[in-house]
Amino acid sequence: MDLHMHTTASDGKLTPRELLLEAKARGVEYLAITDHDTVDGYLQAREEAKRLDLHLIPGIEWNTEGPEGELHILGYGIDIADPRLLHLMDKRQQERIEWIGEIVERCNRLGLEITQEECLARAQGSVIVRTHVAEALVERGYGRSPQAMFDAYLRKGSPAYVPRPSFSAREAIESTHEVGGIAILAHPGIYPFEVQLGNLLDYGIDGIEVYYPRHSLAEMAYWEREAKKHYLVRSGGSDFHGHGTRNPSPIGSVPIPADAREWWTCCLFRQL
């Protein structure tokens with residue numbers, strides 16, 4: 001089981017079909033594609049998943065910015081035909097284009113000459129993310145790797161960083177519930193600030209991504225206790241973006257305990 005992966009529909013390096021083939025080769029049977037602010041990867045993959053006898057559920061990863069900080073909220077089992085979801089994804093994608101335009105302007109003021117069109121071309125019609133800006137900077141010869149450019153200029157607190165348009169964790173959780181999904185806090189152990197779990201509980205968070213490649217054993221144990229204490233769903237996944245990327249952990253490489261897997265197979269996959 002792997003419930004957190006990305007494709008070329010956002011900032012992953014494999015197409016949806018390529019990702020499914022790799023998942024199949026690695027023995028993964030249950031999976032979710034969770035591209036940023038879009039379900040296009042899922043839509044491209046669902047028929048192929050049936051042919052490969054893989055169990056695929058619709059998923060999404062919402063990038064949020066609000067009172068709780070820059071959190072990621074995973075949504076699963078969402079109704080992909082709900083007009084409210086379609087409207088929200090369109091709105092978020094337009095906001096991303098405008099946001100990247102502001103980042104490009106800051107880069108230019110710093111002497112890093114790139115254009116918004118170059119960055120959009122890197123996205124190839126999919127969801128635009130800061131990684132595409134970093135790749136454009138490398139293409140122009142400003143750095144040796146996208147990760148180095150991201151860390152130097154685009155990460156929060158860096159010279160070309162621009163905050164995302166306001167979309168809070170509460171809005172992401174409520175929006176996920178509105179379209180029939182469950183909301184999971186992604187990778188709580190990697191944020192550079194203390195997660196305000198109490199606030200998220202008030203907003204109706206359904207679960208925590210406990211099992212994650214960049215969580216230490218101590219962090220996994222802590223978040224597992226928190227999930228059990230608050231009767232939350234426990235989730236896990238590789239957050240695979242592609243080989244050689246900043247999230248290269250192989251598909252299916254994060255063990256999820258049997259009791260946590262059982263909830264997903266009995267309560268969510270069976271419904272879809």
# chains A, B, ... in the order shown; residues from 1 in each chain; ligands from 1

call {"tool": "select_by_dssp", "arguments": {"residues": "stretch 6-51 of chain A", "states": "helix (DSSP H, G or I)", "output": "ChimeraX atom specification"}}
result
/A:16-25,40-51

call {"tool": "residues_around", "arguments": {"residues": "A:Ala260", "least_positions_apart": "3", "cutoff": "9 Å", "atoms": "only C-alpha atoms", "output": "PDB file with N, CA and C atoms, in the first residue's frame"}}
result
ATOM      1  N   VAL A 233      -7.575   8.285  11.690  1.00  0.00           N
ATOM      2  CA  VAL A 233      -7.071   7.345  10.702  1.00  0.00           C
ATOM      3  C   VAL A 233      -5.559   7.522  10.583  1.00  0.00           C
ATOM      4  N   ARG A 234      -4.843   6.394  10.487  1.00  0.00           N
ATOM      5  CA  ARG A 234      -3.396   6.448  10.269  1.00  0.00           C
ATOM      6  C   ARG A 234      -3.101   6.125   8.808  1.00  0.00           C
ATOM      7  N   SER A 235      -2.320   6.994   8.190  1.00  0.00           N
ATOM      8  CA  SER A 235      -2.002   6.843   6.777  1.00  0.00           C
ATOM      9  C   SER A 235      -0.493   6.788   6.589  1.00  0.00           C
ATOM     10  N   GLY A 236      -0.082   6.471   5.372  1.00  0.00           N
ATOM     11  CA  GLY A 236       1.344   6.427   5.085  1.00  0.00           C
ATOM     12  C   GLY A 236       1.605   6.349   3.594  1.00  0.00           C
ATOM     13  N   ILE A 256       3.420   0.120   6.302  1.00  0.00           N
ATOM     14  CA  ILE A 256       2.225   0.561   7.020  1.00  0.00           C
ATOM     15  C   ILE A 256       1.720  -0.639   7.814  1.00  0.00           C
ATOM     16  N   PRO A 257       1.557  -0.509   9.135  1.00  0.00           N
ATOM     17  CA  PRO A 257       1.125  -1.652   9.951  1.00  0.00           C
ATOM     18  C   PRO A 257      -0.190  -2.251   9.463  1.00  0.00           C
ATOM     19  N   TRP A 263      -7.923  -0.733   7.884  1.00  0.00           N
ATOM     20  CA  TRP A 263      -8.948   0.310   7.841  1.00  0.00           C
ATOM     21  C   TRP A 263      -9.157   0.780   6.410  1.00  0.00           C
ATOM     22  N   TRP A 264      -8.056   1.029   5.691  1.00  0.00           N
ATOM     23  CA  TRP A 264      -8.176   1.538   4.329  1.00  0.00           C
ATOM     24  C   TRP A 264      -8.851   0.525   3.405  1.00  0.00           C
TER      25      TRP A 264
END

call {"tool": "residues_around", "arguments": {"residues": "A:Glu29", "least_positions_apart": "4", "cutoff": "12 Å", "atoms": "only C-alpha atoms", "output": "list in words"}}
result
Met1, Asp2, Leu3, Leu20, Leu21, Glu22, Ala23, Lys24, Ala25, Ala49, Lys50, Leu52, Asp53, Leu54, His55, Leu56, Ile57, Ile251, Gly252, Arg261, Thr265 and Phe269 of chain A

call {"tool": "residues_around", "arguments": {"residues": "stretch 166-169 of chain A", "least_positions_apart": "5", "cutoff": "7 Å", "atoms": "only C-alpha atoms", "output": "list of chain:residue names"}}
result
A:Thr64, A:Glu65, A:Gly66, A:Leu71, A:Ile73

call {"tool": "closest_atom_pairs", "arguments": {"of": "stretch 185-256 of chain A", "to": "stretch 136-156 of chain A", "cutoff": "12 Å", "atoms": "only C-alpha atoms", "output": "tab-separated table"}}
result
residue	atom	partner	partner_atom	distance
A:Tyr191	CA	A:Lys156	CA	11.5
A:Pro192	CA	A:Lys156	CA	10.2
A:Gly244	CA	A:Gln147	CA	10.5
A:Thr245	CA	A:Gln147	CA	8.2
A:Arg246	CA	A:Gln147	CA	6.9
A:Asn247	CA	A:Gln147	CA	10.6

call {"tool": "write_last_selection", "arguments": {"atoms": "N, CA and C atoms", "output": "PDB file, in the first residue's frame"}}
result
ATOM      1  N   TYR A 191       7.594  19.640   9.208  1.00  0.00           N
ATOM      2  CA  TYR A 191       7.392  21.089   9.177  1.00  0.00           C
ATOM      3  C   TYR A 191       8.378  21.773  10.120  1.00  0.00           C
ATOM      4  N   PRO A 192       8.851  22.968   9.749  1.00  0.00           N
ATOM      5  CA  PRO A 192       9.821  23.673  10.605  1.00  0.00           C
ATOM      6  C   PRO A 192       9.150  24.447  11.735  1.00  0.00           C
ATOM      7  N   GLY A 244      15.827  10.461  -8.440  1.00  0.00           N
ATOM      8  CA  GLY A 244      16.716  11.601  -8.571  1.00  0.00           C
ATOM      9  C   GLY A 244      16.106  12.926  -8.186  1.00  0.00           C
ATOM     10  N   THR A 245      14.872  12.925  -7.661  1.00  0.00           N
ATOM     11  CA  THR A 245      14.232  14.157  -7.208  1.00  0.00           C
ATOM     12  C   THR A 245      14.484  14.332  -5.713  1.00  0.00           C
ATOM     13  N   ARG A 246      13.930  15.413  -5.140  1.00  0.00           N
ATOM     14  CA  ARG A 246      14.131  15.626  -3.709  1.00  0.00           C
ATOM     15  C   ARG A 246      13.234  14.711  -2.876  1.00  0.00           C
ATOM     16  N   ASN A 247      12.349  13.969  -3.517  1.00  0.00           N
ATOM     17  CA  ASN A 247      11.531  12.950  -2.840  1.00  0.00           C
ATOM     18  C   ASN A 247      11.642  11.645  -3.618  1.00  0.00           C
TER      19      ASN A 247
END

call {"tool": "select_by_dssp", "arguments": {"residues": "stretch 69-253 of chain A", "states": "strand (DSSP E or B)", "output": "list in words"}}
result
Gly69, His72, Ile73, Leu74, Gly75, Tyr76, Phe167, Ile182, Ala183, Ile184, Leu185, Gly207, Ile208, Glu209, Val210, Tyr211, Val233, Arg234, Ser235, Gly236 and Phe240 of chain A

call {"tool": "write_last_selection", "arguments": {"atoms": "N, CA, C and O atoms", "output": "PDB file, in the first residue's frame"}}
result
ATOM      1  N   GLY A  69       0.105  27.889   9.598  1.00  0.00           N
ATOM      2  CA  GLY A  69       1.337  27.778   8.834  1.00  0.00           C
ATOM      3  C   GLY A  69       1.107  27.100   7.489  1.00  0.00           C
ATOM      4  O   GLY A  69      -0.017  26.861   7.067  1.00  0.00           O
ATOM      5  N   HIS A  72       0.281  20.823   4.513  1.00  0.00           N
ATOM      6  CA  HIS A  72      -0.267  20.071   3.391  1.00  0.00           C
ATOM      7  C   HIS A  72      -1.363  19.154   3.927  1.00  0.00           C
ATOM      8  O   HIS A  72      -1.158  18.451   4.924  1.00  0.00           O
ATOM      9  N   ILE A  73      -2.496  19.167   3.252  1.00  0.00           N
ATOM     10  CA  ILE A  73      -3.635  18.336   3.634  1.00  0.00           C
ATOM     11  C   ILE A  73      -3.945  17.385   2.478  1.00  0.00           C
ATOM     12  O   ILE A  73      -4.168  17.819   1.348  1.00  0.00           O
ATOM     13  N   LEU A  74      -3.948  16.100   2.776  1.00  0.00           N
ATOM     14  CA  LEU A  74      -4.275  15.080   1.782  1.00  0.00           C
ATOM     15  C   LEU A  74      -5.770  14.779   1.834  1.00  0.00           C
ATOM     16  O   LEU A  74      -6.337  14.621   2.915  1.00  0.00           O
ATOM     17  N   GLY A  75      -6.395  14.695   0.668  1.00  0.00           N
ATOM     18  CA  GLY A  75      -7.809  14.357   0.590  1.00  0.00           C
ATOM     19  C   GLY A  75      -7.989  13.046  -0.158  1.00  0.00           C
ATOM     20  O   GLY A  75      -7.397  12.855  -1.232  1.00  0.00           O
ATOM     21  N   TYR A  76      -8.783  12.131   0.403  1.00  0.00           N
ATOM     22  CA  TYR A  76      -8.982  10.809  -0.207  1.00  0.00           C
ATOM     23  C   TYR A  76     -10.474  10.510  -0.359  1.00  0.00           C
ATOM     24  O   TYR A  76     -11.283  10.939   0.458  1.00  0.00           O
ATOM     25  N   PHE A 167      -5.241  30.098   1.577  1.00  0.00           N
ATOM     26  CA  PHE A 167      -6.117  28.928   1.525  1.00  0.00           C
ATOM     27  C   PHE A 167      -5.721  28.118   2.737  1.00  0.00           C
ATOM     28  O   PHE A 167      -4.698  27.445   2.747  1.00  0.00           O
ATOM     29  N   ILE A 182     -12.136  12.253   2.937  1.00  0.00           N
ATOM     30  CA  ILE A 182     -11.557  12.355   4.268  1.00  0.00           C
ATOM     31  C   ILE A 182     -10.263  13.150   4.161  1.00  0.00           C
ATOM     32  O   ILE A 182      -9.557  13.083   3.152  1.00  0.00           O
ATOM     33  N   ALA A 183      -9.957  13.926   5.208  1.00  0.00           N
ATOM     34  CA  ALA A 183      -8.811  14.827   5.202  1.00  0.00           C
ATOM     35  C   ALA A 183      -7.732  14.327   6.156  1.00  0.00           C
ATOM     36  O   ALA A 183      -8.011  14.052   7.325  1.00  0.00           O
ATOM     37  N   ILE A 184      -6.515  14.214   5.642  1.00  0.00           N
ATOM     38  CA  ILE A 184      -5.382  13.679   6.393  1.00  0.00           C
ATOM     39  C   ILE A 184      -4.272  14.727   6.438  1.00  0.00           C
ATOM     40  O   ILE A 184      -3.909  15.302   5.405  1.00  0.00           O
ATOM     41  N   LEU A 185      -3.721  14.961   7.625  1.00  0.00           N
ATOM     42  CA  LEU A 185      -2.565  15.845   7.744  1.00  0.00           C
ATOM     43  C   LEU A 185      -1.335  15.137   7.180  1.00  0.00           C
ATOM     44  O   LEU A 185      -0.959  14.070   7.648  1.00  0.00           O
ATOM     45  N   GLY A 207      -7.406  12.284   9.944  1.00  0.00           N
ATOM     46  CA  GLY A 207      -6.293  11.383  10.128  1.00  0.00           C
ATOM     47  C   GLY A 207      -4.949  12.064  10.015  1.00  0.00           C
ATOM     48  O   GLY A 207      -4.844  13.262   9.749  1.00  0.00           O
ATOM     49  N   ILE A 208      -3.897  11.269  10.214  1.00  0.00           N
ATOM     50  CA  ILE A 208      -2.519  11.743  10.193  1.00  0.00           C
ATOM     51  C   ILE A 208      -1.687  10.794   9.335  1.00  0.00           C
ATOM     52  O   ILE A 208      -1.807   9.565   9.451  1.00  0.00           O
ATOM     53  N   GLU A 209      -0.831  11.354   8.501  1.00  0.00           N
ATOM     54  CA  GLU A 209       0.129  10.552   7.746  1.00  0.00           C
ATOM     55  C   GLU A 209       1.298  10.236   8.680  1.00  0.00           C
ATOM     56  O   GLU A 209       2.281  10.963   8.746  1.00  0.00           O
ATOM     57  N   VAL A 210       1.161   9.146   9.381  1.00  0.00           N
ATOM     58  CA  VAL A 210       2.143   8.746  10.392  1.00  0.00           C
ATOM     59  C   VAL A 210       3.395   8.164   9.751  1.00  0.00           C
ATOM     60  O   VAL A 210       4.528   8.488  10.134  1.00  0.00           O
ATOM     61  N   TYR A 211       3.213   7.311   8.753  1.00  0.00           N
ATOM     62  CA  TYR A 211       4.300   6.515   8.186  1.00  0.00           C
ATOM     63  C   TYR A 211       4.814   7.213   6.924  1.00  0.00           C
ATOM     64  O   TYR A 211       4.138   7.245   5.885  1.00  0.00           O
ATOM     65  N   VAL A 233      -7.575   8.285  11.690  1.00  0.00           N
ATOM     66  CA  VAL A 233      -7.071   7.345  10.702  1.00  0.00           C
ATOM     67  C   VAL A 233      -5.559   7.522  10.583  1.00  0.00           C
ATOM     68  O   VAL A 233      -5.051   8.642  10.575  1.00  0.00           O
ATOM     69  N   ARG A 234      -4.843   6.394  10.487  1.00  0.00           N
ATOM     70  CA  ARG A 234      -3.396   6.448  10.269  1.00  0.00           C
ATOM     71  C   ARG A 234      -3.101   6.125   8.808  1.00  0.00           C
ATOM     72  O   ARG A 234      -3.590   5.128   8.275  1.00  0.00           O
ATOM     73  N   SER A 235      -2.320   6.994   8.190  1.00  0.00           N
ATOM     74  CA  SER A 235      -2.002   6.843   6.777  1.00  0.00           C
ATOM     75  C   SER A 235      -0.493   6.788   6.589  1.00  0.00           C
ATOM     76  O   SER A 235       0.276   7.036   7.521  1.00  0.00           O
ATOM     77  N   GLY A 236      -0.082   6.471   5.372  1.00  0.00           N
ATOM     78  CA  GLY A 236       1.344   6.427   5.085  1.00  0.00           C
ATOM     79  C   GLY A 236       1.605   6.349   3.594  1.00  0.00           C
ATOM     80  O   GLY A 236       0.760   5.912   2.815  1.00  0.00           O
ATOM     81  N   PHE A 240       6.539   9.722  -3.312  1.00  0.00           N
ATOM     82  CA  PHE A 240       7.432   9.543  -4.458  1.00  0.00           C
ATOM     83  C   PHE A 240       7.154  10.603  -5.524  1.00  0.00           C
ATOM     84  O   PHE A 240       6.027  10.785  -5.966  1.00  0.00           O
TER      85      PHE A 240
END

call {"tool": "closest_residue", "arguments": {"among": "A:Arg17, A:Met220, A:Val28, A:Gln196", "to": "A:Arg51", "atoms": "only C-alpha atoms"}}
result
A:Arg17

call {"tool": "residues_around", "arguments": {"residues": "A:Val104", "least_positions_apart": "4", "cutoff": "8 Å", "atoms": "only C-alpha atoms", "output": "ChimeraX atom specification"}}
result
/A:100,108,114-116,133,160

call {"tool": "closest_residue", "arguments": {"among": "A:Ile33, A:Ala218, A:Val254, A:Leu120", "to": "A:Leu14", "atoms": "only C-alpha atoms"}}
result
A:Ile33

call {"tool": "closest_residue", "arguments": {"among": "A:Arg92, A:Arg130, A:Arg225, A:His241", "to": "A:Asp35", "atoms": "only C-alpha atoms"}}
result
A:His241

call {"tool": "residues_around", "arguments": {"residues": "A:Asp37", "least_positions_apart": "3", "cutoff": "9 Å", "atoms": "only C-alpha atoms", "output": "list of chain:residue names"}}
result
A:Ser10, A:Thr34, A:Ile60, A:Glu61, A:Trp62, A:Asn63, A:Leu88, A:Met89, A:Asp90, A:Arg92, A:Gln93, A:Val127

call {"tool": "closest_residue", "arguments": {"among": "A:Pro159, A:Gly204, A:Pro213, A:Pro188", "to": "A:Glu226", "atoms": "only C-alpha atoms"}}
result
A:Pro188

call {"tool": "atom_distance", "arguments": {"atom1": "atom CA of A:Glu118", "atom2": "atom CA of A:Thr7"}}
result
20.0 Å

call {"tool": "closest_residue", "arguments": {"among": "A:Arg26, A:Ser253, A:Glu95, A:Arg84", "to": "A:His177", "atoms": "only C-alpha atoms"}}
result
A:Arg84
